[in-house]
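Note: the block below is my_file-v1.txt and it holds compact mmCIF, C-alpha atoms and all ligand atoms.
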```txt
# COMPACT_ATOMS: atom_id res chain seq x y z
CA MET A 1 4.93 -19.83 -31.56
CA THR A 2 2.19 -21.38 -33.68
CA VAL A 3 2.65 -24.62 -35.57
CA LEU A 4 2.60 -22.64 -38.80
CA GLU A 5 5.38 -20.35 -37.62
CA ARG A 6 7.45 -23.35 -36.60
CA PHE A 7 6.72 -24.92 -40.01
CA HIS A 8 8.10 -21.83 -41.71
CA GLN A 9 11.19 -22.11 -39.55
CA LYS A 10 11.71 -25.63 -40.89
CA ASP A 11 10.74 -27.43 -37.71
CA ARG A 12 10.18 -31.07 -38.67
CA ALA A 13 7.82 -31.75 -35.77
CA ALA A 14 5.64 -28.92 -37.08
CA LEU A 15 5.75 -30.48 -40.55
CA SER A 16 4.58 -33.83 -39.10
CA ARG A 17 1.84 -32.10 -37.18
CA ILE A 18 0.65 -30.22 -40.25
CA ILE A 19 0.64 -33.40 -42.34
CA SER A 20 -1.51 -35.16 -39.74
CA PHE A 21 -3.76 -32.15 -39.63
CA ILE A 22 -4.23 -32.38 -43.41
CA GLU A 23 -4.61 -36.16 -43.44
CA ASN A 24 -7.25 -36.09 -40.72
CA ARG A 25 -9.12 -33.25 -42.38
CA GLU A 26 -9.11 -31.32 -39.12
CA ASP A 27 -11.13 -28.14 -38.93
CA GLY A 28 -9.33 -25.33 -40.67
CA TYR A 29 -7.06 -27.52 -42.79
CA ILE A 30 -8.14 -25.75 -45.97
CA THR A 31 -7.14 -22.37 -44.57
CA LEU A 32 -3.87 -23.94 -43.57
CA LEU A 33 -3.29 -25.21 -47.11
CA SER A 34 -3.87 -21.78 -48.54
CA LYS A 35 -1.40 -20.33 -46.04
CA ILE A 36 1.40 -22.69 -47.00
CA TYR A 37 0.61 -22.65 -50.74
CA PRO A 38 2.70 -19.54 -51.56
CA GLN A 39 5.87 -21.33 -50.44
CA SER A 40 5.20 -24.29 -52.73
CA GLY A 41 5.79 -24.78 -56.43
CA THR A 42 9.44 -25.67 -56.66
CA ALA A 43 9.55 -29.36 -55.75
CA TYR A 44 9.84 -31.92 -58.56
CA LYS A 45 7.44 -34.82 -58.06
CA ILE A 46 8.35 -38.32 -59.14
CA GLY A 47 5.71 -41.06 -59.03
CA ILE A 48 6.72 -44.70 -58.65
CA THR A 49 3.91 -47.14 -59.29
CA GLY A 50 3.50 -50.81 -60.12
CA PRO A 51 2.15 -54.11 -58.84
CA PRO A 52 2.43 -55.15 -55.18
CA GLY A 53 5.87 -56.38 -54.24
CA ALA A 54 7.55 -55.19 -57.46
CA GLY A 55 10.28 -53.53 -55.43
CA LYS A 56 8.97 -49.96 -55.53
CA SER A 57 9.98 -49.11 -51.96
CA THR A 58 13.43 -50.60 -52.49
CA LEU A 59 13.82 -48.50 -55.63
CA VAL A 60 12.62 -45.36 -53.88
CA ASP A 61 15.02 -46.03 -51.07
CA LYS A 62 18.02 -46.45 -53.40
CA MET A 63 17.07 -43.46 -55.53
CA ALA A 64 16.67 -41.29 -52.45
CA ALA A 65 20.09 -42.38 -51.18
CA ILE A 66 21.69 -41.15 -54.42
CA TYR A 67 19.83 -37.87 -54.41
CA LEU A 68 20.76 -37.27 -50.79
CA LYS A 69 24.44 -37.77 -51.60
CA GLU A 70 24.05 -35.00 -54.16
CA GLY A 71 22.70 -32.73 -51.45
CA ILE A 72 19.13 -32.86 -52.75
CA ARG A 73 16.43 -32.74 -50.09
CA ILE A 74 14.00 -35.61 -50.43
CA GLY A 75 10.42 -36.05 -49.30
CA ILE A 76 8.94 -39.54 -49.62
CA ILE A 77 5.26 -40.41 -49.55
CA ALA A 78 4.27 -44.08 -49.57
CA VAL A 79 0.59 -44.23 -50.40
CA ASP A 80 -1.36 -47.12 -48.95
CA PRO A 81 1.63 -49.41 -48.61
CA SER A 82 0.81 -53.10 -48.45
CA SER A 83 4.14 -53.64 -46.74
CA PRO A 84 5.73 -51.02 -44.49
CA PHE A 85 8.41 -48.75 -45.88
CA THR A 86 11.56 -49.99 -44.22
CA GLY A 87 13.89 -47.26 -45.33
CA GLY A 88 16.60 -49.92 -45.86
CA ALA A 89 19.45 -47.98 -47.46
CA LEU A 90 18.27 -44.78 -45.89
CA LEU A 91 18.08 -46.22 -42.43
CA GLY A 92 20.98 -48.61 -42.94
CA ASP A 93 23.46 -46.20 -41.48
CA ARG A 94 21.57 -44.90 -38.55
CA ILE A 95 24.13 -42.34 -37.54
CA ARG A 96 24.23 -40.85 -41.00
CA MET A 97 20.45 -40.98 -41.08
CA GLN A 98 20.35 -39.10 -37.83
CA ASP A 99 22.57 -36.43 -39.39
CA LEU A 100 20.35 -36.26 -42.41
CA SER A 101 17.17 -36.00 -40.47
CA ASP A 102 18.62 -33.33 -38.24
CA LYS A 103 19.42 -31.33 -41.30
CA GLY A 104 15.95 -32.04 -42.58
CA ASP A 105 17.22 -33.54 -45.81
CA VAL A 106 14.86 -36.49 -45.88
CA PHE A 107 11.36 -37.05 -44.64
CA ILE A 108 9.31 -40.23 -45.04
CA ARG A 109 5.59 -40.44 -44.61
CA SER A 110 3.20 -43.34 -45.18
CA MET A 111 -0.39 -42.50 -45.97
CA ALA A 112 -3.07 -44.73 -44.52
CA THR A 113 -5.92 -45.84 -46.71
CA ARG A 114 -8.85 -43.59 -46.29
CA GLY A 115 -12.43 -44.45 -47.08
CA SER A 116 -13.29 -43.24 -50.52
CA GLY A 117 -10.79 -43.57 -53.35
CA GLY A 118 -10.90 -39.94 -54.37
CA GLY A 119 -10.01 -38.75 -50.89
CA LEU A 120 -6.69 -40.55 -50.90
CA ALA A 121 -5.44 -38.88 -54.08
CA GLU A 122 -6.59 -35.54 -52.74
CA ALA A 123 -4.86 -36.02 -49.40
CA THR A 124 -1.69 -37.18 -51.17
CA ARG A 125 -1.63 -34.02 -53.28
CA GLU A 126 -2.05 -31.92 -50.16
CA VAL A 127 0.68 -33.75 -48.24
CA ALA A 128 2.97 -33.27 -51.25
CA LEU A 129 2.10 -29.57 -51.14
CA ALA A 130 3.19 -29.44 -47.49
CA LEU A 131 6.51 -31.16 -48.31
CA ASP A 132 7.01 -28.81 -51.26
CA ALA A 133 6.30 -25.73 -49.13
CA PHE A 134 8.62 -27.06 -46.43
CA GLY A 135 11.46 -26.98 -48.94
CA PHE A 136 12.06 -30.49 -50.25
CA ASP A 137 13.56 -30.43 -53.75
CA ILE A 138 12.25 -33.78 -54.90
CA ILE A 139 9.20 -35.67 -53.71
CA LEU A 140 9.04 -39.39 -54.41
CA ILE A 141 5.50 -40.76 -54.30
CA GLU A 142 5.03 -44.53 -54.20
CA THR A 143 1.64 -46.02 -55.11
CA VAL A 144 0.50 -49.60 -55.68
CA GLY A 145 -1.48 -50.82 -58.67
CA VAL A 146 -3.31 -49.09 -61.47
CA GLY A 147 -6.60 -48.01 -59.98
CA GLN A 148 -8.12 -44.56 -60.32
CA VAL A 149 -6.28 -43.34 -57.22
CA GLU A 150 -2.92 -44.26 -58.76
CA LEU A 151 -3.86 -42.62 -62.04
CA ASP A 152 -4.89 -39.46 -60.20
CA ILE A 153 -1.71 -39.41 -58.16
CA ALA A 154 0.42 -40.01 -61.25
CA GLY A 155 -1.36 -37.07 -62.84
CA LEU A 156 0.05 -34.76 -60.23
CA CYS A 157 3.62 -36.04 -60.66
CA ASP A 158 6.05 -34.53 -63.13
CA THR A 159 7.67 -37.87 -63.99
CA THR A 160 6.08 -41.26 -63.38
CA ILE A 161 8.06 -44.48 -63.29
CA VAL A 162 6.06 -47.67 -63.83
CA VAL A 163 7.80 -50.63 -62.21
CA LEU A 164 7.32 -54.09 -63.67
CA VAL A 165 8.93 -57.40 -62.80
CA PRO A 166 9.77 -60.47 -64.89
CA GLU A 167 6.58 -62.09 -63.60
CA SER A 168 4.61 -59.32 -65.31
CA GLY A 169 5.70 -60.80 -68.64
CA ASP A 170 2.37 -62.24 -69.66
CA SER A 171 0.57 -59.06 -68.86
CA VAL A 172 2.74 -56.73 -70.91
CA GLN A 173 0.43 -57.08 -73.87
CA THR A 174 -2.50 -56.19 -71.74
CA LEU A 175 -0.93 -53.25 -69.95
CA LYS A 176 -3.82 -51.04 -69.15
CA ALA A 177 -4.20 -48.04 -71.42
CA GLY A 178 -4.29 -45.85 -68.34
CA LEU A 179 -0.89 -47.12 -67.30
CA MET A 180 0.59 -46.26 -70.67
CA GLU A 181 -0.82 -42.78 -70.37
CA ILE A 182 0.73 -42.04 -67.01
CA ALA A 183 4.10 -43.72 -67.59
CA HIS A 184 7.18 -41.78 -68.61
CA ILE A 185 9.74 -44.44 -67.74
CA PHE A 186 9.44 -48.21 -67.38
CA ALA A 187 11.68 -49.92 -64.86
CA VAL A 188 11.92 -53.69 -65.12
CA ASN A 189 12.99 -54.51 -61.58
CA LYS A 190 14.24 -57.85 -60.21
CA ALA A 191 16.31 -58.09 -63.37
CA ASP A 192 18.36 -60.71 -61.52
CA ARG A 193 15.44 -63.06 -62.07
CA GLU A 194 14.77 -65.24 -65.05
CA GLY A 195 12.56 -63.71 -67.71
CA SER A 196 13.67 -60.12 -67.32
CA GLY A 197 15.23 -60.09 -70.80
CA ARG A 198 11.99 -61.28 -72.28
CA ILE A 199 9.83 -58.67 -70.62
CA VAL A 200 12.25 -55.90 -71.62
CA ALA A 201 12.13 -57.16 -75.21
CA GLU A 202 8.33 -57.35 -75.14
CA LEU A 203 8.03 -53.90 -73.69
CA LYS A 204 10.43 -52.45 -76.23
CA MET A 205 8.62 -54.17 -79.05
CA MET A 206 5.36 -52.73 -77.88
CA LEU A 207 6.83 -49.30 -77.33
CA ASP A 208 8.60 -49.29 -80.69
CA GLY A 209 5.34 -49.94 -82.43
CA ARG A 210 2.27 -47.86 -82.14
CA LEU A 211 3.19 -46.60 -78.73
CA LYS A 212 6.72 -45.48 -79.45
CA TYR A 213 6.06 -41.91 -78.39
CA ARG A 214 3.70 -40.42 -75.90
CA ASN A 215 1.36 -37.76 -77.20
CA ASP A 216 3.86 -35.15 -76.13
CA GLY A 217 6.69 -36.74 -78.15
CA TRP A 218 8.57 -38.29 -75.24
CA HIS A 219 10.11 -41.68 -76.03
CA PHE A 220 9.70 -44.09 -73.11
CA PRO A 221 12.98 -45.46 -71.77
CA VAL A 222 12.96 -49.03 -70.47
CA VAL A 223 15.46 -49.51 -67.65
CA LYS A 224 16.52 -52.81 -66.12
CA THR A 225 17.04 -52.53 -62.38
CA GLU A 226 18.02 -54.75 -59.48
CA ALA A 227 16.93 -52.57 -56.62
CA ILE A 228 18.20 -54.87 -53.88
CA ASN A 229 21.63 -54.97 -55.51
CA ASN A 230 21.64 -51.24 -56.24
CA ILE A 231 22.02 -51.92 -59.97
CA GLY A 232 20.49 -49.69 -62.63
CA ILE A 233 19.50 -46.95 -60.21
CA GLU A 234 21.90 -44.36 -61.66
CA LYS A 235 20.49 -45.03 -65.12
CA LEU A 236 16.96 -44.63 -63.77
CA ILE A 237 17.90 -41.31 -62.21
CA ASP A 238 19.54 -40.22 -65.48
CA ASP A 239 16.31 -40.98 -67.31
CA VAL A 240 14.30 -38.98 -64.79
CA SER A 241 16.69 -36.07 -65.34
CA ALA A 242 16.35 -36.49 -69.11
CA HIS A 243 12.58 -36.36 -68.81
CA ARG A 244 12.81 -33.28 -66.65
CA ARG A 245 15.00 -31.60 -69.28
CA PHE A 246 12.56 -32.72 -71.97
CA ILE A 247 9.67 -31.07 -70.15
CA PHE A 248 11.51 -27.81 -69.65
CA ASP A 249 12.91 -27.77 -73.20
CA ARG A 250 9.45 -28.16 -74.62
CA HIS A 251 7.75 -25.63 -72.43
CA SER A 252 9.45 -22.82 -70.66
CA LYS A 253 9.49 -23.48 -66.94
CA ASP A 254 6.89 -20.75 -66.55
CA ASP A 255 4.57 -22.27 -69.14
CA TYR A 256 4.83 -25.68 -67.53
CA ARG A 257 3.99 -24.19 -64.16
CA PHE A 258 1.16 -22.14 -65.67
CA ASN A 259 -0.44 -25.28 -67.10
CA LYS A 260 0.10 -27.29 -63.92
CA ILE A 261 -1.51 -24.63 -61.77
CA GLY A 262 -4.48 -24.40 -64.15
CA ALA A 263 -5.01 -28.16 -63.96
CA GLU A 264 -4.59 -28.05 -60.20
CA LEU A 265 -7.19 -25.32 -59.82
CA LYS A 266 -9.73 -27.32 -61.83
CA LEU A 267 -8.94 -30.43 -59.82
CA ILE A 268 -9.33 -28.70 -56.47
CA MET A 269 -12.65 -27.23 -57.58
CA GLN A 270 -13.85 -30.59 -58.84
CA GLN A 271 -12.82 -32.38 -55.66
CA ARG A 272 -14.42 -29.73 -53.52
CA LEU A 273 -17.70 -30.02 -55.38
CA GLN A 274 -17.53 -33.77 -55.14
CA SER A 275 -16.54 -34.10 -51.52
CA ARG A 276 -18.36 -31.14 -49.99
CA LEU A 277 -20.94 -29.42 -52.10
CA ILE A 278 -22.72 -32.40 -53.59
CA PRO A 279 -23.13 -34.21 -50.26
CA GLU A 280 -24.36 -30.97 -48.74
CA LEU A 281 -26.91 -30.19 -51.43
CA LEU A 282 -27.94 -33.78 -51.87
CA ASP A 283 -28.00 -35.55 -48.55
CA ASP A 284 -29.84 -38.88 -48.50
CA LYS A 285 -33.09 -37.39 -47.29
CA THR A 286 -33.15 -34.73 -50.00
CA VAL A 287 -32.27 -37.32 -52.63
CA GLY A 288 -35.18 -39.45 -51.38
CA ASN A 289 -37.58 -36.52 -51.67
CA TYR A 290 -36.43 -35.74 -55.18
CA VAL A 291 -36.69 -39.38 -56.23
CA ASN A 292 -40.30 -39.48 -55.05
CA LEU A 293 -41.07 -36.34 -57.06
CA ILE A 294 -39.40 -37.87 -60.12
CA ILE A 295 -41.38 -41.09 -59.74
CA GLU A 296 -44.57 -39.10 -59.35
CA GLY A 297 -43.72 -37.48 -62.67
CA LYS A 298 -43.55 -34.00 -61.14
CA THR A 299 -39.98 -33.32 -62.14
CA ASP A 300 -36.89 -34.96 -63.63
CA PRO A 301 -33.17 -35.18 -62.72
CA TYR A 302 -32.20 -32.53 -65.29
CA SER A 303 -34.57 -29.92 -63.92
CA ILE A 304 -33.45 -30.69 -60.38
CA THR A 305 -29.81 -30.31 -61.35
CA ASP A 306 -30.51 -26.97 -63.02
CA GLU A 307 -32.36 -25.84 -59.94
CA LEU A 308 -29.53 -26.88 -57.62
CA VAL A 309 -26.88 -25.23 -59.76
CA SER A 310 -28.84 -21.97 -59.79
CA LYS A 311 -29.34 -22.20 -56.06
CA MET A 312 -25.63 -22.76 -55.61
CA MET A 313 -24.77 -19.77 -57.76
CA LEU A 314 -27.23 -17.41 -56.15
CA LYS A 315 -26.53 -18.25 -52.58
CA ARG A 316 -23.03 -18.28 -51.22
CA ILE A 317 -22.82 -21.78 -49.89
CA GLU A 318 -20.06 -22.55 -47.47
CA ILE A 319 -18.05 -25.38 -48.97
N1 LIG A 401 15.27 -60.59 -56.44
C1 LIG A 401 15.02 -59.31 -56.23
N2 LIG A 401 14.23 -58.96 -55.21
C2 LIG A 401 13.98 -57.65 -55.02
C3 LIG A 401 14.51 -56.64 -55.86
N3 LIG A 401 14.08 -55.46 -55.44
C4 LIG A 401 13.28 -55.68 -54.37
N4 LIG A 401 13.23 -57.01 -54.11
C5 LIG A 401 12.51 -57.69 -53.03
O1 LIG A 401 11.13 -57.69 -53.32
C6 LIG A 401 10.37 -57.61 -52.11
C7 LIG A 401 9.40 -56.48 -52.19
O2 LIG A 401 10.11 -55.26 -52.24
P1 LIG A 401 9.45 -53.86 -51.90
O3 LIG A 401 10.46 -52.82 -52.21
O4 LIG A 401 8.83 -53.87 -50.56
O5 LIG A 401 8.30 -53.86 -53.00
P2 LIG A 401 7.09 -52.86 -53.14
O6 LIG A 401 6.78 -52.81 -54.59
O7 LIG A 401 7.38 -51.58 -52.47
O8 LIG A 401 5.96 -53.61 -52.36
P3 LIG A 401 4.54 -53.06 -51.88
O9 LIG A 401 4.73 -51.65 -51.41
O10 LIG A 401 4.14 -53.99 -50.81
O11 LIG A 401 3.64 -53.15 -53.08
C8 LIG A 401 11.37 -57.44 -50.99
O12 LIG A 401 11.60 -58.68 -50.41
C9 LIG A 401 12.62 -56.95 -51.70
O13 LIG A 401 13.81 -57.28 -51.05
C10 LIG A 401 15.38 -57.05 -56.92
O14 LIG A 401 15.90 -56.27 -57.71
N5 LIG A 401 15.58 -58.40 -57.06
MG MG A 402 6.28 -50.53 -50.97
```
What would the structure in this file look like if it were written as structure tokens?
Ligand SMILES: Nc1nc2c(ncn2[C@@H]2O[C@H](COP(=O)(O)OP(=O)(O)OP(=O)(O)O)[C@@H](O)[C@H]2O)c(=O)[nH]1
Ligand SMILES: [Mg+2]
Amino acid sequence: MTVLERFHQKDRAALSRIISFIENREDGYITLLSKIYPQSGTAYKIGITGPPGAGKSTLVDKMAAIYLKEGIRIGIIAVDPSSPFTGGALLGDRIRMQDLSDKGDVFIRSMATRGSGGGLAEATREVALALDAFGFDIILIETVGVGQVELDIAGLCDTTIVVLVPESGDSVQTLKAGLMEIAHIFAVNKADREGSGRIVAELKMMLDGRLKYRNDGWHFPVVKTEAINNIGIEKLIDDVSAHRRFIFDRHSKDDYRFNKIGAELKLIMQQRLQSRLIPELLDDKTVGNYVNLIIEGKTDPYSITDELVSKMMLKRIEI
């Protein structure tokens, strides 16, 4: 039996193998993605992002434990973790965990940092696709920080939770615009610590002002959590469910999917051009030759671009 056949039969070893295959960009991984794509499209993706050490993994762990109790199958992706995902509550009861993993109800994967920023978001989307196609109902994706990679990853999630801690207090006013755009829910974790009331108040004040509603009309909830003490997690999950209902009340499920697939198609095309076609058409030597021609006044970057685009459209270039 091929790995793909075993994948379709819900063999977890085959899933692991396929994820590594995707992550390592092994030959043929794109064909593989297109083969598993038809089985995807049903998983709900939840992004959890925030500063290092905010308690994201602990939150993910506690959320996953609740979902699992409800019989929901959970895939977890920890992107570029600065500390390893311990799987505390999940792994706490090893026997139960064994049962769960035998049934294939939970799967945890950490993604290593890979060279260029763009590649990591791309690989994360593809790994999420594999988990989706494998049959996980919810995929929790943990990312650190607010760089472009995090913004890109949040863009592919249905609901994004931004985790802050009391120590973030001073920075609430300077929350990056990008962060506000990707957030659907704010979790103020480590609420057992001093200053949590203040940051919640500051956040609410900010959100009640100009930023009360997102462009789509969603009103950001602010949830206080103590991940290590398992406090506030149910409320957080309720808010995720409320956001999910909000999305599907606003758009029909089909419309939402239609728009997501359109955005995905554009993204895949863009990434492919960026990661494959451009380097192929413009390797360093070719760039050097063009630069010399530009300096000699024989051509200019606009004409070269036009020329390359025409060349690309006329000739079927393997990307
Ligand atoms: N006091 C307190 N500590 C917490 C809470 N939640 C998590 N922690 C602790 O904070 C530390 C970091 O937790 P993680 O869950 O690893 O945080 P993270 O955001 O995933 O960290 P990175 O992935 O490394 O960015 C750990 O020592 C946790 O036990 C909480 O609610 N209160
Ligand atoms: Mg973590």
Practice task
Identify, on the basis of all atoms listed in the file, every residue whose closest approach to Ile153 of chain A does not exceed 10 Å; exclude the query and any residue fewer than 2 positions from it along the same chain; express the result as a ChimeraX atom specification.
Solution key: /A:47-49,79,118,120-125,141-143,148-151,155-157,160,182
Problem - Non-local contacts of Asp216 of chain A (12 Å; all atoms listed in the file; under 5 positions in same chain excluded) as a ChimeraX atom specification - result: /A:181-182,184,211,243,246-247,250-251
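Considering all atoms listed in the file, the residues that reside within 6 Å of ligand LIG 401 (chain A) can be listed as Pro52, Gly53, Ala54, Gly55, Lys56, Ser57, Thr58, Pro81, Ser82, Ser83, Val144, Asn189, Lys190, Ala191, Asp192, Glu226, Ala227 and Ile228 of chain A.
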Restricted to C-alpha atoms, what would the selected residues look like written as a short mmCIF file (atom, residue, chain, number, x, y, z; two decimals), keeping the file's coordinate frame?
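Once everything was written out, this is again-v8.cif:
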```cif
data_model
loop_
_atom_site.label_atom_id
_atom_site.label_comp_id
_atom_site.auth_asym_id
_atom_site.auth_seq_id
_atom_site.Cartn_x
_atom_site.Cartn_y
_atom_site.Cartn_z
CA PRO A 52 2.43 -55.15 -55.18
CA GLY A 53 5.87 -56.38 -54.24
CA ALA A 54 7.55 -55.19 -57.46
CA GLY A 55 10.28 -53.53 -55.43
CA LYS A 56 8.97 -49.96 -55.53
CA SER A 57 9.98 -49.11 -51.96
CA THR A 58 13.43 -50.60 -52.49
CA PRO A 81 1.63 -49.41 -48.61
CA SER A 82 0.81 -53.10 -48.45
CA SER A 83 4.14 -53.64 -46.74
CA VAL A 144 0.50 -49.60 -55.68
CA ASN A 189 12.99 -54.51 -61.58
CA LYS A 190 14.24 -57.85 -60.21
CA ALA A 191 16.31 -58.09 -63.37
CA ASP A 192 18.36 -60.71 -61.52
CA GLU A 226 18.02 -54.75 -59.48
CA ALA A 227 16.93 -52.57 -56.62
CA ILE A 228 18.20 -54.87 -53.88
#
```
Handout entry: Closest of A:Gly197, A:Gly50, A:Gly71, A:Gly147 to ligand MG 402 (chain A) - atom-to-atom distances counting all atoms listed in the file
Key = A:Gly50
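What separates atom CA of Val188 of chain A from atom CA of Arg245 of chain A is a distance of 22.7 Å.
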Where's the centre, and what are the edge lengths in Å to one decimal, of a box along x, y and z enclosing all listed atoms of segment 223-237 of chain A padded 6 Å per side, as lines of an AutoDock Vina configuration file?
```
center_x = 18.7
center_y = -48.1
center_z = -60.8
size_x = 18.6
size_y = 25.7
size_z = 25.8
```
Handout entry: One-decimal distance in Å that lies between atom CA of Leu68 of chain A and atom CA of Lys253 of chain A
Key = 24.0 Å
Fill in the blank from the handout: Using all atoms listed in the file, the best pick from A:Glu280, A:Asp27, A:Asp61, A:Glu194 as closest to ligand MG 402 (chain A) would be A:Asp61
Env of Leu308 of chain A: 12 Å cut, atoms = only C-alpha atoms, seq-sep filter 2 positions within chain, self excluded. Answer as a PDB file with C-alpha atoms, in the frame of the given file.
```
ATOM      1  CA  LEU A 277     -20.940 -29.420 -52.100  1.00  0.00           C
ATOM      2  CA  ILE A 278     -22.720 -32.400 -53.590  1.00  0.00           C
ATOM      3  CA  GLU A 280     -24.360 -30.970 -48.740  1.00  0.00           C
ATOM      4  CA  LEU A 281     -26.910 -30.190 -51.430  1.00  0.00           C
ATOM      5  CA  LEU A 282     -27.940 -33.780 -51.870  1.00  0.00           C
ATOM      6  CA  THR A 286     -33.150 -34.730 -50.000  1.00  0.00           C
ATOM      7  CA  VAL A 287     -32.270 -37.320 -52.630  1.00  0.00           C
ATOM      8  CA  TYR A 290     -36.430 -35.740 -55.180  1.00  0.00           C
ATOM      9  CA  PRO A 301     -33.170 -35.180 -62.720  1.00  0.00           C
ATOM     10  CA  TYR A 302     -32.200 -32.530 -65.290  1.00  0.00           C
ATOM     11  CA  SER A 303     -34.570 -29.920 -63.920  1.00  0.00           C
ATOM     12  CA  ILE A 304     -33.450 -30.690 -60.380  1.00  0.00           C
ATOM     13  CA  THR A 305     -29.810 -30.310 -61.350  1.00  0.00           C
ATOM     14  CA  ASP A 306     -30.510 -26.970 -63.020  1.00  0.00           C
ATOM     15  CA  SER A 310     -28.840 -21.970 -59.790  1.00  0.00           C
ATOM     16  CA  LYS A 311     -29.340 -22.200 -56.060  1.00  0.00           C
ATOM     17  CA  MET A 312     -25.630 -22.760 -55.610  1.00  0.00           C
ATOM     18  CA  MET A 313     -24.770 -19.770 -57.760  1.00  0.00           C
ATOM     19  CA  LEU A 314     -27.230 -17.410 -56.150  1.00  0.00           C
ATOM     20  CA  LYS A 315     -26.530 -18.250 -52.580  1.00  0.00           C
ATOM     21  CA  ILE A 317     -22.820 -21.780 -49.890  1.00  0.00           C
TER      22      ILE A 317
END
```
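Computed from the coordinates, the atom CA of Leu164 of chain A to atom CA of Asp132 of chain A distance equals 28.2 Å.
When all atoms listed in the file are used to compute distances to ligand MG 402 (chain A), the closest of the residues A:Ile22, A:Gly297, A:Ile77, A:Gly288 turns out to be A:Ile77.
Taking only C-alpha atoms into account, Ser40 of chain A lies nearest to A:Ile261 out of the set A:Ile237, A:Val60, A:Ile261, A:Ala13.
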Handout entry: Shortest interatomic distance to Ile231 of chain A - which of A:Glu167, A:Ile294, A:Phe186, A:Leu59, counting only C-alpha atoms
Key = A:Leu59
